[in-house]
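Enquirer: Dropping a structure here in structure tokens format, bear with me for questions.
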Amino acid sequence: MKIIHILFLFTLLSSTISHASYIHDFCVGDIMHPETPTGYHCMPLENITSDDFVFHGFVAGNTNNSFNAALTSAFVTDFPALNALGISAARLDIAEGGAIPVHTHPSATELMIMVQGEITAGFFTTSTVYSKTLKPGDLMVFPQGLLHFQVNSGKGKATAFLTFSSSNPGAQLLDLLLFSNNLPSELVAQTTFLDLAQVKKLKARFGGRG
């Protein structure tokens, strides 16, 4: 029995040493090359400067679009120093009456920090909707993979900062998935139980065909 314990401890120690040899303090991504399942390859240390760890341009985006909203992202593709760190950020600006439609982030949990205005936000489970109207100083979390939304429910512009538990959280917007494709409108209407005229109207709005 003692021999088994010794062998187990030796195996554990060897594994720890082996893994430790591959640990880096950071891995600034070389985004000029393809992303791998574990992230981007690291840039050579001799090519890295202090500037690589600073992101500029975290400012309000243009809300003159279909959603009356803008997302200024600081994901790994914008800020390569985030590579392999498991974090990223974004700035959300929503004009009065605007909204971020129902969407999901397959790879990350999202934390929203209210800065200005008023946003009504929520997420869905199979049995419940968790929704709340938020004001500056409020935070709300959206668990990974769950459908959620944000709507400017106040007067004037609303602003929030977002953080994600992934350097590249990804996003799937339900409206774009449904209405920006070339699937026949009749089939979309049949599978969503929407009126055919409404489906065609939404396809025209989001650039879909069929």
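Following the order of the structure tokens, first chain is A, next is B, and so on, with residues numbered from 1 inside each chain and ligands from 1 in the order they appear.
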Skipping near chain neighbours, those fewer than 6 positions away, what residues fall within 8 Å of segment 133-145 of chain A using only C-alpha atoms, listed as a PyMOL selection string?

Expert: chain A and resi 104-123+153

Enquirer: Those same residues, written as a CSV table (one decimal), in the first residue's frame with N, CA and C atoms?

Expert:
chain,number,residue,atom,x,y,z
A,104,THR,N,-27.0,35.4,-27.3
A,104,THR,CA,-26.2,34.6,-26.4
A,104,THR,C,-24.7,34.6,-26.7
A,105,HIS,N,-24.0,34.4,-25.6
A,105,HIS,CA,-22.5,34.3,-25.8
A,105,HIS,C,-22.1,32.8,-25.4
A,106,PRO,N,-21.9,32.0,-26.5
A,106,PRO,CA,-21.6,30.6,-26.2
A,106,PRO,C,-20.4,30.3,-25.3
A,107,SER,N,-19.5,31.2,-25.3
A,107,SER,CA,-18.2,30.9,-24.7
A,107,SER,C,-17.9,31.7,-23.4
A,108,ALA,N,-18.9,32.5,-22.9
A,108,ALA,CA,-18.6,33.3,-21.7
A,108,ALA,C,-19.8,33.7,-20.9
A,109,THR,N,-19.6,33.9,-19.6
A,109,THR,CA,-20.5,34.6,-18.8
A,109,THR,C,-20.3,36.1,-18.9
A,110,GLU,N,-21.3,36.9,-18.9
A,110,GLU,CA,-21.2,38.3,-19.0
A,110,GLU,C,-21.6,39.1,-17.7
A,111,LEU,N,-20.8,40.1,-17.3
A,111,LEU,CA,-21.2,40.9,-16.2
A,111,LEU,C,-21.4,42.3,-16.7
A,112,MET,N,-22.5,42.9,-16.5
A,112,MET,CA,-22.8,44.3,-17.0
A,112,MET,C,-22.8,45.2,-15.8
A,113,ILE,N,-22.1,46.3,-16.0
A,113,ILE,CA,-21.9,47.4,-15.0
A,113,ILE,C,-22.5,48.7,-15.5
A,114,MET,N,-23.6,49.1,-14.9
A,114,MET,CA,-24.3,50.3,-15.4
A,114,MET,C,-23.5,51.6,-15.1
A,115,VAL,N,-23.4,52.5,-16.1
A,115,VAL,CA,-22.7,53.7,-15.9
A,115,VAL,C,-23.6,54.9,-16.1
A,116,GLN,N,-24.5,54.9,-17.0
A,116,GLN,CA,-25.3,56.0,-17.3
A,116,GLN,C,-26.7,55.6,-17.8
A,117,GLY,N,-27.7,56.4,-17.5
A,117,GLY,CA,-29.1,56.1,-18.0
A,117,GLY,C,-29.8,54.9,-17.3
A,118,GLU,N,-30.7,54.3,-18.0
A,118,GLU,CA,-31.5,53.2,-17.4
A,118,GLU,C,-31.6,52.1,-18.5
A,119,ILE,N,-31.3,50.9,-18.1
A,119,ILE,CA,-31.4,49.7,-19.0
A,119,ILE,C,-32.2,48.6,-18.3
A,120,THR,N,-33.2,48.1,-19.0
A,120,THR,CA,-33.9,46.9,-18.5
A,120,THR,C,-33.3,45.7,-19.2
A,121,ALA,N,-32.8,44.8,-18.4
A,121,ALA,CA,-32.1,43.6,-19.0
A,121,ALA,C,-32.7,42.4,-18.3
A,122,GLY,N,-32.4,41.2,-19.0
A,122,GLY,CA,-32.9,40.0,-18.5
A,122,GLY,C,-32.3,38.8,-19.2
A,123,PHE,N,-32.5,37.6,-18.7
A,123,PHE,CA,-32.1,36.4,-19.4
A,123,PHE,C,-33.1,35.3,-19.1
A,153,SER,N,-34.6,51.7,-21.4
A,153,SER,CA,-36.0,51.9,-20.9
A,153,SER,C,-36.1,53.3,-20.3

Enquirer: As a PyMOL selection string, please: every residue in segment 59-175 of chain A that a backbone DSSP assignment puts in strand (DSSP E or B).

Expert: chain A and resi 69-74+88-94+99-104+110-116+119-124+129-134+139-142+148-152+158-164+172-173

Enquirer: Could you save those same residues with C-alpha atoms as a tab-separated table (two decimals), in the first residue's frame?

Expert:
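Printed below is again31.tsv as written:
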chain	number	residue	atom	x	y	z
A	69	ALA	CA	-27.09	50.62	-30.12
A	70	ALA	CA	-23.32	50.20	-30.34
A	71	LEU	CA	-20.83	47.79	-28.84
A	72	THR	CA	-17.19	48.83	-28.57
A	73	SER	CA	-15.32	45.59	-28.00
A	74	ALA	CA	-12.00	44.89	-26.32
A	88	SER	CA	-12.38	40.58	-22.10
A	89	ALA	CA	-14.49	43.72	-22.00
A	90	ALA	CA	-16.83	45.87	-24.05
A	91	ARG	CA	-18.62	49.20	-23.85
A	92	LEU	CA	-22.36	49.24	-24.55
A	93	ASP	CA	-24.11	52.43	-25.68
A	94	ILE	CA	-27.85	52.39	-26.38
A	99	ALA	CA	-32.12	47.76	-27.67
A	100	ILE	CA	-29.70	44.86	-27.91
A	101	PRO	CA	-31.99	42.04	-29.08
A	102	VAL	CA	-32.09	38.55	-27.64
A	103	HIS	CA	-28.67	36.94	-28.03
A	104	THR	CA	-26.24	34.56	-26.40
A	110	GLU	CA	-21.22	38.34	-19.02
A	111	LEU	CA	-21.17	40.91	-16.21
A	112	MET	CA	-22.84	44.26	-16.99
A	113	ILE	CA	-21.89	47.37	-15.00
A	114	MET	CA	-24.30	50.29	-15.38
A	115	VAL	CA	-22.68	53.70	-15.92
A	116	GLN	CA	-25.34	56.03	-17.33
A	119	ILE	CA	-31.39	49.69	-18.97
A	120	THR	CA	-33.93	46.92	-18.53
A	121	ALA	CA	-32.12	43.63	-18.98
A	122	GLY	CA	-32.87	39.98	-18.47
A	123	PHE	CA	-32.08	36.38	-19.35
A	124	PHE	CA	-34.11	33.25	-20.02
A	129	VAL	CA	-37.28	34.98	-17.15
A	130	TYR	CA	-35.02	36.97	-14.80
A	131	SER	CA	-35.43	40.65	-15.66
A	132	LYS	CA	-34.54	43.89	-13.87
A	133	THR	CA	-34.39	47.63	-14.56
A	134	LEU	CA	-30.87	48.86	-13.80
A	139	LEU	CA	-24.49	45.21	-11.87
A	140	MET	CA	-26.17	42.22	-13.49
A	141	VAL	CA	-24.72	38.87	-14.52
A	142	PHE	CA	-25.81	36.77	-17.51
A	148	HIS	CA	-30.45	37.57	-22.78
A	149	PHE	CA	-31.27	41.15	-23.82
A	150	GLN	CA	-30.74	44.82	-22.92
A	151	VAL	CA	-33.22	47.64	-23.62
A	152	ASN	CA	-32.86	51.38	-22.99
A	158	ALA	CA	-27.70	54.58	-21.64
A	159	THR	CA	-24.15	53.29	-21.16
A	160	ALA	CA	-22.79	50.16	-19.52
A	161	PHE	CA	-19.42	48.44	-19.33
A	162	LEU	CA	-19.36	44.68	-19.94
A	163	THR	CA	-16.85	42.08	-18.86
A	164	PHE	CA	-16.66	38.48	-20.08
A	172	GLN	CA	-25.27	34.88	-31.69
A	173	LEU	CA	-28.11	37.39	-32.21

Enquirer: Have a look at A:Phe179, A:Phe26, A:Phe193, A:Phe75 and name the one nearest to Pro44 of chain A; count only C-alpha atoms.

Expert: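 Under the stated criterion, the closest residue is A:Phe26.
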
Enquirer: Which of these residues is nearest to Asn182 of chain A, using only C-alpha atoms: A:Arg209, A:Lys157, A:His33, A:Lys200?

Expert: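 Closest to Asn182 of chain A, using only C-alpha atoms: A:Arg209.
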
Enquirer: Rounded to one decimal place, report the atom CA of Val188 of chain A-atom CA of Gly208 of chain A distance in Å.

Expert: 11.2 Å

Enquirer: Write out as a list in words the set of residues from segment 43-193 of chain A that DSSP, computed on the backbone, places in helix (DSSP H, G or I).

Expert: Leu45, Glu46, Asn47, Ser50, Asp51, Asp52, Phe53, Pro80, Ala81, Leu82, Leu174, Asp175, Leu176, Leu177, Leu178, Phe179, Ser185, Glu186, Leu187, Val188, Ala189, Gln190, Thr191 and Thr192 of chain A

Enquirer: Quick check, in Å to one decimal: how far apart do atom CA of Phe55 of chain A and atom CA of Leu82 of chain A lie?

Expert: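 Between atom CA of Phe55 of chain A and atom CA of Leu82 of chain A the gap works out to 10.2 Å.
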
Enquirer: Which of these residues is nearest to Phe53 of chain A, using only C-alpha atoms: A:Val28, A:Glu35, A:Ser165, A:Asn65?

Expert: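 Going through A:Val28, A:Glu35, A:Ser165, A:Asn65 one by one, the smallest distance to Phe53 of chain A is for A:Val28.
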
Enquirer: Please indicate the distance in Å from atom CA of Gly98 of chain A to atom CA of Ala189 of chain A, rounded to one decimal place.

Expert: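 Atom CA of Ala189 of chain A lies 25.1 Å from atom CA of Gly98 of chain A.
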
Enquirer: Show me, as a tab-separated table, the residues of segment 135-183 of chain A having an atom within 12 Å of segment 39-43 of chain A, each with the closest atom pair and its distance in Å, using only C-alpha atoms.

Expert:
residue	atom	partner	partner_atom	distance
A:Ser166	CA	A:Gly39	CA	10.5
A:Ser167	CA	A:Gly39	CA	8.8
A:Asn168	CA	A:Gly39	CA	9.0
